Protein chains: 2
Amino acid sequence: MKFRKMGPVAKRRFKDDVYAAFARIPAAVANPHRLEILELIAQRPRTVADLAFETALSIANCSQHLQVLAKCGLVTVERRGTFAFYRTAGVNVHRLLRSLRDVAEENDLEVALAVKNHLGDRDAGISEFELVRALIADPAVALLDTRPTEEYEAGHLPRAINAPLESLKSGKLALSKAKRYVAYCRGPYCIFADEAVAYLRERGFDATRIGLSPMDWEAAGEELSRVG
Amino acid sequence: MKFRKMGPVAKRRFKDDVYAAFARIPAAVANPHRLEILELIAQRPRTVADLAFETALSIANCSQHLQVLAKCGLVTVERRGTFAFYRTAGVNVHRLLRSLRDVAEENDLEVALAVKNHLGDRDAGISEFELVRALIADPAVALLDTRPTEEYEAGHLPRAINAPLESLKSGKLALSKAKRYVAYCRGPYCIFADEAVAYLRERGFDATRIGLSPMDWEAAGEELSRVG
DNA sequence: CAAATAGTCAATATATTTCTTGAATATGAA
DNA sequence: TTCATATTCAAGAAATATATTGACTATTTG
């Protein structure tokens, strides 16, 4: 079948339909809880109960949010026994989250403000992406993945060491004052890396954070390292 | 000021604040009319009345939508006399629109369905982006920008000729059966290129469409040509 | 089989978003 | 100054989205 000519009224109806369908994707992402859920499962797949706990939502509510996301194809489910593991649908979803953050950072002062209100003048950190490659290559630098071990295992930056706060506190990690520590976590709005940097600095180590997350790294077309 | 430690309750409040602020951007884009408005002014700046006409909205309603977009920093206004010219805030906004479309195309069957319902099996066209560079370089190919002249003048693909439907119909453009015509317009959900291709094919020309728009081209970091 | 667990569904009250209407403002022209 | 034009503002009705509650289904365990 070929393209069919339309009068002006048909054209308007067509456009209305297209944009209505199209708008469902931003609508799915336009809820604070769903955004948080998305960023969580972008780190690694999770069950409904996991997500409900981490987001402080009721299980029913969380399940409903997940279904909204699934209906738009933003997340997929895999059922194993009575569990439902949700994961992001693909790298395009990560790219979408990334470009939302880019716009937020460039345009929306309120996000930055909300962060400042709580964090004070957060450590500006080493800039971004271009540098990360150099950091990975630099043997004087130790990259610290400050996320929970499960997320580290699901994919981390090359050469990064898993170093969640408890792990640092336990003293099991051998740290050196000669090294330069660069911490990252789930992204610029996550505080794991801040906590780790604060902890390390108090003890006299050279520590900085970067805002880049493994999700961003992958969205930019780079490979993540995995365990096992 | 440095990073300040937070208890679990403070952390939750912090996250709620961050994601609430963050979600305002997708919320602004989550309305069909605002999406259409954004895609229109991504082509070239427009006045409120222009946009109201093109989207078939009342002027007051359109103005309100524009203010929602402006409040998130997605669009900017420039006032000249009694006119208000709205334009997209920058290339990040274009990238956001692009990644929404990517997700839509990959995941959301309904958009594709809405398109199919109205267009029939639309001409699949030559694939995408990678090819466009080759097309631009190929002297046997004539790139047709089928958008209105004002949009063409605001920025078009290198070597493209402005060829809105009326212009083709008027016969003022010298066309050759030896050429291969490749048409584009505002993007995959716009029908200008379809109309041009249909018109040319009826008359025995070799014509195809591509879905790529000048906006995408720019979002990918390429330069647009401008008149004047 | 019954009980426990993980998740989903359905109904409803609440909150938010959207469109319409008509008035208000602000600029430029006569 | 007066008028017309382009846009914005404000209030309210209608439509939509959200969180809560409690019931429901399906799978595993005893």
# chains A, B, ... in the order shown; residues from 1 in each chain; ligands from 1

$ interface_residues --of "chain A" --to "chain C" --cutoff "10 Å" --atoms "only C-alpha atoms (C1' of nucleotides)" --output "JSON, numbers by chain"
{"A": [47, 48, 49, 59, 60, 63, 64, 67, 81, 82, 83, 84]}

$ closest_atom_pairs --of "chain D" --to "chain B" --cutoff "10 Å" --atoms "only C-alpha atoms (C1' of nucleotides)" --output "Markdown table"
| residue | atom | partner | partner_atom | distance |
| --- | --- | --- | --- | --- |
| D:DT5 | C1' | B:Thr82 | CA | 7.6 |
| D:DA6 | C1' | B:Thr82 | CA | 5.2 |
| D:DT7 | C1' | B:Thr82 | CA | 7.3 |
| D:DT8 | C1' | B:Ser63 | CA | 7.5 |
| D:DC9 | C1' | B:Ala60 | CA | 9.4 |

$ residues_around --residues "range 195-205 of chain A" --least-positions-apart "4" --cutoff "8 Å" --atoms "only C-alpha atoms (C1' of nucleotides)" --output "MDAnalysis selection string"
(chainID A and resid 146 164:165 168 176:177 180:181 183 191 209) or (chainID B and resid 3 5)

$ residues_around --residues "Arg44 in chain B" --least-positions-apart "4" --cutoff "9 Å" --atoms "only C-alpha atoms (C1' of nucleotides)" --output "ChimeraX atom specification"
/B:40,86-88,150-155

$ closest_residue --among "B:Arg24, B:His65, B:Arg147, B:Arg159" --to "chain A" --atoms "only C-alpha atoms"
B:Arg24

$ closest_residue --among "B:Arg79, B:Lys172, B:His94, B:Arg133" --to "chain A" --atoms "only C-alpha atoms"
B:His94

$ select_by_dssp --residues "range 42-78 of chain A" --states "helix (DSSP H, G or I)" --output "VMD selection string"
chain A and resid 42 to 43 48 to 55 59 to 71

$ write_last_selection --atoms "N, CA and C atoms" --output "PDB file, in the first residue's frame"
ATOM      1  N   ALA A  42      18.058   0.679  35.969  1.00  0.00           N
ATOM      2  CA  ALA A  42      19.115   0.882  34.970  1.00  0.00           C
ATOM      3  C   ALA A  42      20.445   0.367  35.523  1.00  0.00           C
ATOM      4  N   GLN A  43      20.575   0.324  36.837  1.00  0.00           N
ATOM      5  CA  GLN A  43      21.801  -0.174  37.451  1.00  0.00           C
ATOM      6  C   GLN A  43      21.853  -1.694  37.425  1.00  0.00           C
ATOM      7  N   VAL A  48       9.973  -6.470  42.283  1.00  0.00           N
ATOM      8  CA  VAL A  48       9.027  -5.446  42.697  1.00  0.00           C
ATOM      9  C   VAL A  48       9.258  -5.062  44.155  1.00  0.00           C
ATOM     10  N   ALA A  49       9.437  -6.057  45.003  1.00  0.00           N
ATOM     11  CA  ALA A  49       9.609  -5.785  46.433  1.00  0.00           C
ATOM     12  C   ALA A  49      10.881  -4.972  46.685  1.00  0.00           C
ATOM     13  N   ASP A  50      11.947  -5.330  46.006  1.00  0.00           N
ATOM     14  CA  ASP A  50      13.202  -4.569  46.073  1.00  0.00           C
ATOM     15  C   ASP A  50      12.960  -3.099  45.787  1.00  0.00           C
ATOM     16  N   LEU A  51      12.303  -2.868  44.655  1.00  0.00           N
ATOM     17  CA  LEU A  51      12.074  -1.498  44.208  1.00  0.00           C
ATOM     18  C   LEU A  51      11.160  -0.768  45.167  1.00  0.00           C
ATOM     19  N   ALA A  52      10.148  -1.449  45.642  1.00  0.00           N
ATOM     20  CA  ALA A  52       9.221  -0.828  46.582  1.00  0.00           C
ATOM     21  C   ALA A  52       9.977  -0.387  47.826  1.00  0.00           C
ATOM     22  N   PHE A  53      10.860  -1.244  48.287  1.00  0.00           N
ATOM     23  CA  PHE A  53      11.644  -0.913  49.475  1.00  0.00           C
ATOM     24  C   PHE A  53      12.552   0.290  49.209  1.00  0.00           C
ATOM     25  N   GLU A  54      13.278   0.232  48.123  1.00  0.00           N
ATOM     26  CA  GLU A  54      14.265   1.288  47.850  1.00  0.00           C
ATOM     27  C   GLU A  54      13.628   2.638  47.566  1.00  0.00           C
ATOM     28  N   THR A  55      12.408   2.609  47.047  1.00  0.00           N
ATOM     29  CA  THR A  55      11.760   3.872  46.726  1.00  0.00           C
ATOM     30  C   THR A  55      10.767   4.293  47.800  1.00  0.00           C
ATOM     31  N   ILE A  59       4.022  -1.841  47.791  1.00  0.00           N
ATOM     32  CA  ILE A  59       4.280  -2.806  46.725  1.00  0.00           C
ATOM     33  C   ILE A  59       3.261  -2.649  45.602  1.00  0.00           C
ATOM     34  N   ALA A  60       2.014  -2.476  45.965  1.00  0.00           N
ATOM     35  CA  ALA A  60       0.976  -2.341  44.938  1.00  0.00           C
ATOM     36  C   ALA A  60       1.246  -1.112  44.070  1.00  0.00           C
ATOM     37  N   ASN A  61       1.568  -0.037  44.723  1.00  0.00           N
ATOM     38  CA  ASN A  61       1.832   1.195  43.992  1.00  0.00           C
ATOM     39  C   ASN A  61       3.037   1.025  43.064  1.00  0.00           C
ATOM     40  N   CYS A  62       4.060   0.424  43.582  1.00  0.00           N
ATOM     41  CA  CYS A  62       5.271   0.207  42.802  1.00  0.00           C
ATOM     42  C   CYS A  62       4.968  -0.681  41.599  1.00  0.00           C
ATOM     43  N   SER A  63       4.213  -1.725  41.846  1.00  0.00           N
ATOM     44  CA  SER A  63       3.840  -2.630  40.762  1.00  0.00           C
ATOM     45  C   SER A  63       3.086  -1.880  39.673  1.00  0.00           C
ATOM     46  N   GLN A  64       2.191  -0.995  40.091  1.00  0.00           N
ATOM     47  CA  GLN A  64       1.435  -0.232  39.103  1.00  0.00           C
ATOM     48  C   GLN A  64       2.340   0.698  38.294  1.00  0.00           C
ATOM     49  N   HIS A  65       3.269   1.318  38.954  1.00  0.00           N
ATOM     50  CA  HIS A  65       4.218   2.179  38.233  1.00  0.00           C
ATOM     51  C   HIS A  65       5.020   1.356  37.225  1.00  0.00           C
ATOM     52  N   LEU A  66       5.427   0.181  37.658  1.00  0.00           N
ATOM     53  CA  LEU A  66       6.197  -0.670  36.755  1.00  0.00           C
ATOM     54  C   LEU A  66       5.371  -1.056  35.539  1.00  0.00           C
ATOM     55  N   GLN A  67       4.094  -1.243  35.760  1.00  0.00           N
ATOM     56  CA  GLN A  67       3.255  -1.609  34.621  1.00  0.00           C
ATOM     57  C   GLN A  67       3.077  -0.451  33.648  1.00  0.00           C
ATOM     58  N   VAL A  68       3.042   0.746  34.177  1.00  0.00           N
ATOM     59  CA  VAL A  68       2.992   1.910  33.292  1.00  0.00           C
ATOM     60  C   VAL A  68       4.252   1.939  32.427  1.00  0.00           C
ATOM     61  N   LEU A  69       5.382   1.711  33.058  1.00  0.00           N
ATOM     62  CA  LEU A  69       6.646   1.715  32.320  1.00  0.00           C
ATOM     63  C   LEU A  69       6.685   0.579  31.296  1.00  0.00           C
ATOM     64  N   ALA A  70       6.170  -0.575  31.701  1.00  0.00           N
ATOM     65  CA  ALA A  70       6.198  -1.729  30.801  1.00  0.00           C
ATOM     66  C   ALA A  70       5.288  -1.502  29.594  1.00  0.00           C
ATOM     67  N   LYS A  71       4.158  -0.843  29.825  1.00  0.00           N
ATOM     68  CA  LYS A  71       3.205  -0.623  28.747  1.00  0.00           C
ATOM     69  C   LYS A  71       3.803   0.230  27.625  1.00  0.00           C
TER      70      LYS A  71
END

$ select_by_dssp --residues "chain A" --states "strand (DSSP E or B)" --output "ChimeraX atom specification"
/A:46-47,75-80,83-88,141-145,156,161-162,180-184,206-209,225

$ write_last_selection --atoms "N, CA and C atoms" --output "mmCIF file, in the first residue's frame"
data_model
loop_
_atom_site.group_PDB
_atom_site.id
_atom_site.type_symbol
_atom_site.label_atom_id
_atom_site.label_comp_id
_atom_site.auth_asym_id
_atom_site.auth_seq_id
_atom_site.Cartn_x
_atom_site.Cartn_y
_atom_site.Cartn_z
ATOM 1 N N ARG A 46 15.726 -5.696 39.089
ATOM 2 C CA ARG A 46 15.249 -5.833 40.463
ATOM 3 C C ARG A 46 13.844 -6.403 40.496
ATOM 4 N N THR A 47 13.496 -6.933 41.648
ATOM 5 C CA THR A 47 12.132 -7.417 41.857
ATOM 6 C C THR A 47 11.261 -6.251 42.325
ATOM 7 N N VAL A 75 10.478 -0.735 30.164
ATOM 8 C CA VAL A 75 11.067 -1.818 30.951
ATOM 9 C C VAL A 75 10.479 -3.148 30.495
ATOM 10 N N THR A 76 11.191 -4.218 30.786
ATOM 11 C CA THR A 76 10.684 -5.554 30.470
ATOM 12 C C THR A 76 10.677 -6.381 31.745
ATOM 13 N N VAL A 77 9.839 -7.382 31.783
ATOM 14 C CA VAL A 77 9.730 -8.266 32.946
ATOM 15 C C VAL A 77 10.221 -9.645 32.582
ATOM 16 N N GLU A 78 10.855 -10.283 33.526
ATOM 17 C CA GLU A 78 11.152 -11.698 33.364
ATOM 18 C C GLU A 78 10.648 -12.349 34.640
ATOM 19 N N ARG A 79 9.776 -13.321 34.502
ATOM 20 C CA ARG A 79 9.211 -13.967 35.689
ATOM 21 C C ARG A 79 9.949 -15.263 35.985
ATOM 22 N N ARG A 80 10.381 -15.352 37.243
ATOM 23 C CA ARG A 80 11.065 -16.571 37.692
ATOM 24 C C ARG A 80 10.383 -16.993 38.973
ATOM 25 N N PHE A 83 8.699 -14.528 41.457
ATOM 26 C CA PHE A 83 9.370 -13.238 41.341
ATOM 27 C C PHE A 83 9.190 -12.636 39.952
ATOM 28 N N ALA A 84 9.193 -11.321 39.918
ATOM 29 C CA ALA A 84 9.162 -10.626 38.639
ATOM 30 C C ALA A 84 10.372 -9.697 38.597
ATOM 31 N N PHE A 85 11.299 -10.006 37.724
ATOM 32 C CA PHE A 85 12.485 -9.165 37.600
ATOM 33 C C PHE A 85 12.268 -8.132 36.508
ATOM 34 N N TYR A 86 12.367 -6.899 36.880
ATOM 35 C CA TYR A 86 12.205 -5.813 35.907
ATOM 36 C C TYR A 86 13.579 -5.276 35.515
ATOM 37 N N ARG A 87 13.723 -4.982 34.243
ATOM 38 C CA ARG A 87 14.962 -4.349 33.769
ATOM 39 C C ARG A 87 14.635 -3.307 32.709
ATOM 40 N N THR A 88 15.538 -2.394 32.466
ATOM 41 C CA THR A 88 15.310 -1.399 31.414
ATOM 42 C C THR A 88 15.353 -2.096 30.058
ATOM 43 N N VAL A 141 45.623 6.285 39.325
ATOM 44 C CA VAL A 141 44.242 6.515 39.750
ATOM 45 C C VAL A 141 43.559 5.196 40.076
ATOM 46 N N ALA A 142 42.854 5.176 41.196
ATOM 47 C CA ALA A 142 42.001 4.029 41.494
ATOM 48 C C ALA A 142 40.550 4.455 41.376
ATOM 49 N N LEU A 143 39.838 3.821 40.464
ATOM 50 C CA LEU A 143 38.419 4.125 40.275
ATOM 51 C C LEU A 143 37.602 3.328 41.281
ATOM 52 N N LEU A 144 36.765 4.023 42.034
ATOM 53 C CA LEU A 144 35.945 3.344 43.035
ATOM 54 C C LEU A 144 34.481 3.332 42.617
ATOM 55 N N ASP A 145 33.926 2.159 42.459
ATOM 56 C CA ASP A 145 32.496 2.020 42.207
ATOM 57 C C ASP A 145 31.831 1.885 43.569
ATOM 58 N N HIS A 156 30.265 -2.559 35.514
ATOM 59 C CA HIS A 156 30.977 -1.403 36.071
ATOM 60 C C HIS A 156 31.999 -0.876 35.085
ATOM 61 N N ILE A 161 37.086 -0.625 41.139
ATOM 62 C CA ILE A 161 37.025 -1.522 42.290
ATOM 63 C C ILE A 161 35.686 -1.277 42.976
ATOM 64 N N ASN A 162 35.050 -2.320 43.417
ATOM 65 C CA ASN A 162 33.796 -2.129 44.130
ATOM 66 C C ASN A 162 34.099 -1.647 45.548
ATOM 67 N N ARG A 180 45.404 8.201 43.840
ATOM 68 C CA ARG A 180 44.374 9.208 43.707
ATOM 69 C C ARG A 180 43.063 8.444 43.515
ATOM 70 N N TYR A 181 42.116 8.658 44.402
ATOM 71 C CA TYR A 181 40.857 7.923 44.323
ATOM 72 C C TYR A 181 39.789 8.739 43.607
ATOM 73 N N VAL A 182 39.142 8.114 42.659
ATOM 74 C CA VAL A 182 38.059 8.764 41.935
ATOM 75 C C VAL A 182 36.822 7.889 42.062
ATOM 76 N N ALA A 183 35.791 8.436 42.705
ATOM 77 C CA ALA A 183 34.602 7.644 43.002
ATOM 78 C C ALA A 183 33.457 7.982 42.057
ATOM 79 N N TYR A 184 32.667 6.983 41.741
ATOM 80 C CA TYR A 184 31.433 7.229 41.003
ATOM 81 C C TYR A 184 30.334 6.353 41.600
ATOM 82 N N ASP A 206 43.384 11.216 49.019
ATOM 83 C CA ASP A 206 43.084 12.086 47.886
ATOM 84 C C ASP A 206 41.896 11.491 47.136
ATOM 85 N N ALA A 207 40.723 12.068 47.330
ATOM 86 C CA ALA A 207 39.514 11.497 46.726
ATOM 87 C C ALA A 207 38.659 12.567 46.051
ATOM 88 N N THR A 208 38.103 12.226 44.909
ATOM 89 C CA THR A 208 37.218 13.113 44.155
ATOM 90 C C THR A 208 36.078 12.278 43.606
ATOM 91 N N ARG A 209 34.996 12.932 43.222
ATOM 92 C CA ARG A 209 33.930 12.176 42.580
ATOM 93 C C ARG A 209 33.748 12.611 41.131
ATOM 94 N N SER A 225 32.521 -3.542 32.181
ATOM 95 C CA SER A 225 33.106 -4.798 32.632
ATOM 96 C C SER A 225 32.091 -5.512 33.507
#

$ atom_distance --atom1 "CA of Lys11 in chain B" --atom2 "CA of Asp194 in chain A"
12.5 Å

$ decode --residues "chain C" --atoms "N, CA and C atoms (P, O5', C5', C4', C3', O3' and C1' of nucleotides)" --output "short mmCIF file (atom, residue, chain, number, x, y, z; two decimals), in the first residue's frame"
data_model
loop_
_atom_site.label_atom_id
_atom_site.label_comp_id
_atom_site.auth_asym_id
_atom_site.auth_seq_id
_atom_site.Cartn_x
_atom_site.Cartn_y
_atom_site.Cartn_z
P DC C 1 -5.64 -30.52 46.19
"O5'" DC C 1 -6.64 -30.49 47.39
"C5'" DC C 1 -6.58 -31.53 48.38
"C4'" DC C 1 -5.85 -31.04 49.61
"C3'" DC C 1 -6.00 -29.55 49.91
"O3'" DC C 1 -6.74 -29.36 51.11
"C1'" DC C 1 -3.70 -30.26 50.10
P DA C 2 -7.29 -27.88 51.45
"O5'" DA C 2 -6.12 -27.29 52.32
"C5'" DA C 2 -5.78 -27.87 53.57
"C4'" DA C 2 -4.65 -27.06 54.20
"C3'" DA C 2 -4.94 -25.56 54.32
"O3'" DA C 2 -4.44 -25.11 55.57
"C1'" DA C 2 -3.03 -25.89 52.95
P DA C 3 -4.60 -23.52 55.96
"O5'" DA C 3 -3.11 -22.99 55.77
"C5'" DA C 3 -2.02 -23.74 56.35
"C4'" DA C 3 -0.72 -23.00 56.05
"C3'" DA C 3 -0.81 -21.49 56.20
"O3'" DA C 3 0.35 -21.05 56.88
"C1'" DA C 3 -0.12 -22.04 53.99
P DA C 4 0.62 -19.47 57.15
"O5'" DA C 4 1.71 -19.13 56.04
"C5'" DA C 4 2.89 -19.95 55.95
"C4'" DA C 4 3.76 -19.38 54.84
"C3'" DA C 4 3.87 -17.85 54.86
"O3'" DA C 4 5.23 -17.51 54.65
"C1'" DA C 4 3.08 -18.58 52.75
P DT C 5 5.71 -15.96 54.67
"O5'" DT C 5 6.02 -15.69 53.14
"C5'" DT C 5 6.76 -16.65 52.39
"C4'" DT C 5 6.70 -16.26 50.93
"C3'" DT C 5 6.87 -14.76 50.69
"O3'" DT C 5 7.95 -14.57 49.80
"C1'" DT C 5 5.02 -15.62 49.48
P DA C 6 8.42 -13.13 49.38
"O5'" DA C 6 7.71 -12.95 47.98
"C5'" DA C 6 8.19 -13.70 46.86
"C4'" DA C 6 7.54 -13.15 45.61
"C3'" DA C 6 7.59 -11.63 45.51
"O3'" DA C 6 8.04 -11.28 44.21
"C1'" DA C 6 5.34 -12.39 45.38
P DG C 7 8.15 -9.74 43.76
"O5'" DG C 7 6.71 -9.55 43.13
"C5'" DG C 7 6.41 -10.31 41.95
"C4'" DG C 7 4.94 -10.21 41.67
"C3'" DG C 7 4.49 -8.83 41.22
"O3'" DG C 7 4.26 -8.89 39.82
"C1'" DG C 7 2.92 -9.89 42.67
P DT C 8 3.78 -7.64 38.97
"O5'" DT C 8 2.19 -7.78 38.99
"C5'" DT C 8 1.60 -8.95 38.45
"C4'" DT C 8 0.10 -8.91 38.70
"C3'" DT C 8 -0.62 -7.71 38.08
"O3'" DT C 8 -1.58 -8.22 37.19
"C1'" DT C 8 -1.30 -8.07 40.32
P DC C 9 -2.39 -7.26 36.21
"O5'" DC C 9 -3.74 -7.02 37.02
"C5'" DC C 9 -4.50 -8.15 37.44
"C4'" DC C 9 -5.70 -7.69 38.24
"C3'" DC C 9 -6.46 -6.51 37.65
"O3'" DC C 9 -7.82 -6.88 37.60
"C1'" DC C 9 -5.97 -6.14 39.94
P DA C 10 -8.88 -6.04 36.76
"O5'" DA C 10 -9.67 -5.28 37.91
"C5'" DA C 10 -10.02 -5.97 39.11
"C4'" DA C 10 -10.84 -5.05 39.99
"C3'" DA C 10 -11.49 -3.88 39.26
"O3'" DA C 10 -12.76 -3.70 39.85
"C1'" DA C 10 -10.01 -3.05 40.91
P DA C 11 -13.73 -2.52 39.45
"O5'" DA C 11 -13.70 -1.62 40.77
"C5'" DA C 11 -13.86 -2.23 42.05
"C4'" DA C 11 -13.89 -1.15 43.11
"C3'" DA C 11 -14.60 0.13 42.69
"O3'" DA C 11 -15.28 0.65 43.83
"C1'" DA C 11 -12.35 0.62 43.20
P DT C 12 -16.18 1.98 43.65
"O5'" DT C 12 -15.34 3.07 44.45
"C5'" DT C 12 -14.83 2.77 45.75
"C4'" DT C 12 -13.90 3.89 46.17
"C3'" DT C 12 -14.40 5.29 45.78
"O3'" DT C 12 -14.22 6.14 46.89
"C1'" DT C 12 -12.20 4.99 45.07
P DA C 13 -15.22 7.33 47.14
"O5'" DA C 13 -14.28 8.36 47.91
"C5'" DA C 13 -13.45 7.90 48.97
"C4'" DA C 13 -12.14 8.68 48.93
"C3'" DA C 13 -12.32 10.20 48.84
"O3'" DA C 13 -11.42 10.81 49.77
"C1'" DA C 13 -10.94 9.42 47.07
P DT C 14 -11.28 12.42 49.80
"O5'" DT C 14 -9.97 12.69 48.94
"C5'" DT C 14 -8.75 12.03 49.29
"C4'" DT C 14 -7.67 12.53 48.36
"C3'" DT C 14 -7.65 14.06 48.19
"O3'" DT C 14 -6.34 14.48 48.52
"C1'" DT C 14 -7.60 12.97 46.09
P DA C 15 -5.90 16.00 48.43
"O5'" DA C 15 -5.10 16.01 47.05
"C5'" DA C 15 -4.12 15.00 46.80
"C4'" DA C 15 -3.60 15.22 45.40
"C3'" DA C 15 -3.30 16.67 45.06
"O3'" DA C 15 -2.00 16.68 44.49
"C1'" DA C 15 -4.74 15.74 43.44
P DT C 16 -1.28 18.02 44.01
"O5'" DT C 16 -1.39 17.92 42.43
"C5'" DT C 16 -0.98 16.71 41.79
"C4'" DT C 16 -1.37 16.79 40.34
"C3'" DT C 16 -0.98 18.11 39.67
"O3'" DT C 16 -0.11 17.74 38.62
"C1'" DT C 16 -3.20 17.47 39.13
P DT C 17 0.48 18.82 37.55
"O5'" DT C 17 -0.56 18.68 36.36
"C5'" DT C 17 -0.89 17.39 35.88
"C4'" DT C 17 -1.77 17.51 34.66
"C3'" DT C 17 -1.38 18.65 33.70
"O3'" DT C 17 -1.41 18.09 32.41
"C1'" DT C 17 -3.67 18.85 34.36
P DT C 18 -1.10 18.93 31.09
"O5'" DT C 18 -2.55 19.36 30.63
"C5'" DT C 18 -3.45 18.36 30.18
"C4'" DT C 18 -4.76 19.02 29.80
"C3'" DT C 18 -4.60 20.19 28.84
"O3'" DT C 18 -5.30 19.88 27.65
"C1'" DT C 18 -6.08 20.71 30.64
P DC C 19 -5.25 20.84 26.37
"O5'" DC C 19 -6.64 21.59 26.48
"C5'" DC C 19 -7.85 20.83 26.42
"C4'" DC C 19 -9.00 21.79 26.67
"C3'" DC C 19 -9.01 23.00 25.73
"O3'" DC C 19 -10.26 23.01 25.04
"C1'" DC C 19 -9.21 23.68 28.03
P DT C 20 -10.59 24.21 24.02
"O5'" DT C 20 -11.47 25.18 24.93
"C5'" DT C 20 -12.49 24.61 25.76
"C4'" DT C 20 -13.18 25.71 26.54
"C3'" DT C 20 -13.37 27.00 25.74
"O3'" DT C 20 -14.75 27.36 25.79
"C1'" DT C 20 -12.34 27.44 27.84
P DT C 21 -15.28 28.59 24.87
"O5'" DT C 21 -15.44 29.81 25.88
"C5'" DT C 21 -16.04 29.61 27.16
"C4'" DT C 21 -15.71 30.79 28.07
"C3'" DT C 21 -15.73 32.15 27.35
"O3'" DT C 21 -16.85 32.88 27.80
"C1'" DT C 21 -13.82 31.91 28.78
P DG C 22 -17.21 34.28 27.10
"O5'" DG C 22 -16.45 35.33 28.02
"C5'" DG C 22 -16.47 35.19 29.43
"C4'" DG C 22 -15.46 36.16 30.02
"C3'" DG C 22 -15.43 37.51 29.30
"O3'" DG C 22 -15.33 38.55 30.26
"C1'" DG C 22 -13.28 36.59 29.34
P DA C 23 -15.25 40.08 29.84
"O5'" DA C 23 -14.13 40.66 30.81
"C5'" DA C 23 -13.96 40.11 32.11
"C4'" DA C 23 -12.51 40.27 32.51
"C3'" DA C 23 -11.98 41.69 32.34
"O3'" DA C 23 -11.24 42.05 33.48
"C1'" DA C 23 -10.60 40.16 31.19
P DA C 24 -10.54 43.47 33.59
"O5'" DA C 24 -9.02 43.17 33.24
"C5'" DA C 24 -8.26 42.34 34.12
"C4'" DA C 24 -6.83 42.34 33.62
"C3'" DA C 24 -6.24 43.74 33.41
"O3'" DA C 24 -4.93 43.74 33.95
"C1'" DA C 24 -6.03 42.46 31.44
P DT C 25 -4.15 45.11 34.13
"O5'" DT C 25 -2.98 44.97 33.06
"C5'" DT C 25 -2.09 43.86 33.12
"C4'" DT C 25 -1.26 43.84 31.85
"C3'" DT C 25 -0.59 45.18 31.50
"O3'" DT C 25 0.80 44.95 31.39
"C1'" DT C 25 -1.61 44.22 29.61
P DA C 26 1.88 46.09 31.30
"O5'" DA C 26 2.95 45.50 30.25
"C5'" DA C 26 2.57 44.49 29.36
"C4'" DA C 26 2.83 44.90 27.92
"C3'" DA C 26 3.43 46.29 27.73
"O3'" DA C 26 4.37 46.19 26.67
"C1'" DA C 26 1.49 46.13 26.48
P DT C 27 5.60 47.22 26.53
"O5'" DT C 27 5.64 47.50 24.96
"C5'" DT C 27 5.71 46.38 24.07
"C4'" DT C 27 4.94 46.74 22.81
"C3'" DT C 27 5.43 48.02 22.12
"O3'" DT C 27 6.12 47.62 20.95
"C1'" DT C 27 3.06 47.79 22.09
P DG C 28 6.90 48.68 20.05
"O5'" DG C 28 5.81 49.07 18.97
"C5'" DG C 28 5.22 48.03 18.19
"C4'" DG C 28 4.13 48.63 17.32
"C3'" DG C 28 4.57 49.90 16.58
"O3'" DG C 28 4.15 49.77 15.23
"C1'" DG C 28 2.58 50.30 17.82
P DA C 29 4.38 50.89 14.19
"O5'" DA C 29 2.89 51.37 13.87
"C5'" DA C 29 1.89 50.39 13.64
"C4'" DA C 29 0.56 51.08 13.39
"C3'" DA C 29 0.65 52.31 12.49
"O3'" DA C 29 -0.49 52.34 11.65
"C1'" DA C 29 -0.21 52.93 14.61
P DA C 30 -0.74 53.53 10.69
"O5'" DA C 30 -1.89 54.34 11.44
"C5'" DA C 30 -3.17 53.72 11.67
"C4'" DA C 30 -4.15 54.79 12.11
"C3'" DA C 30 -4.16 56.05 11.24
"O3'" DA C 30 -5.49 56.53 11.11
"C1'" DA C 30 -3.55 56.62 13.46
#
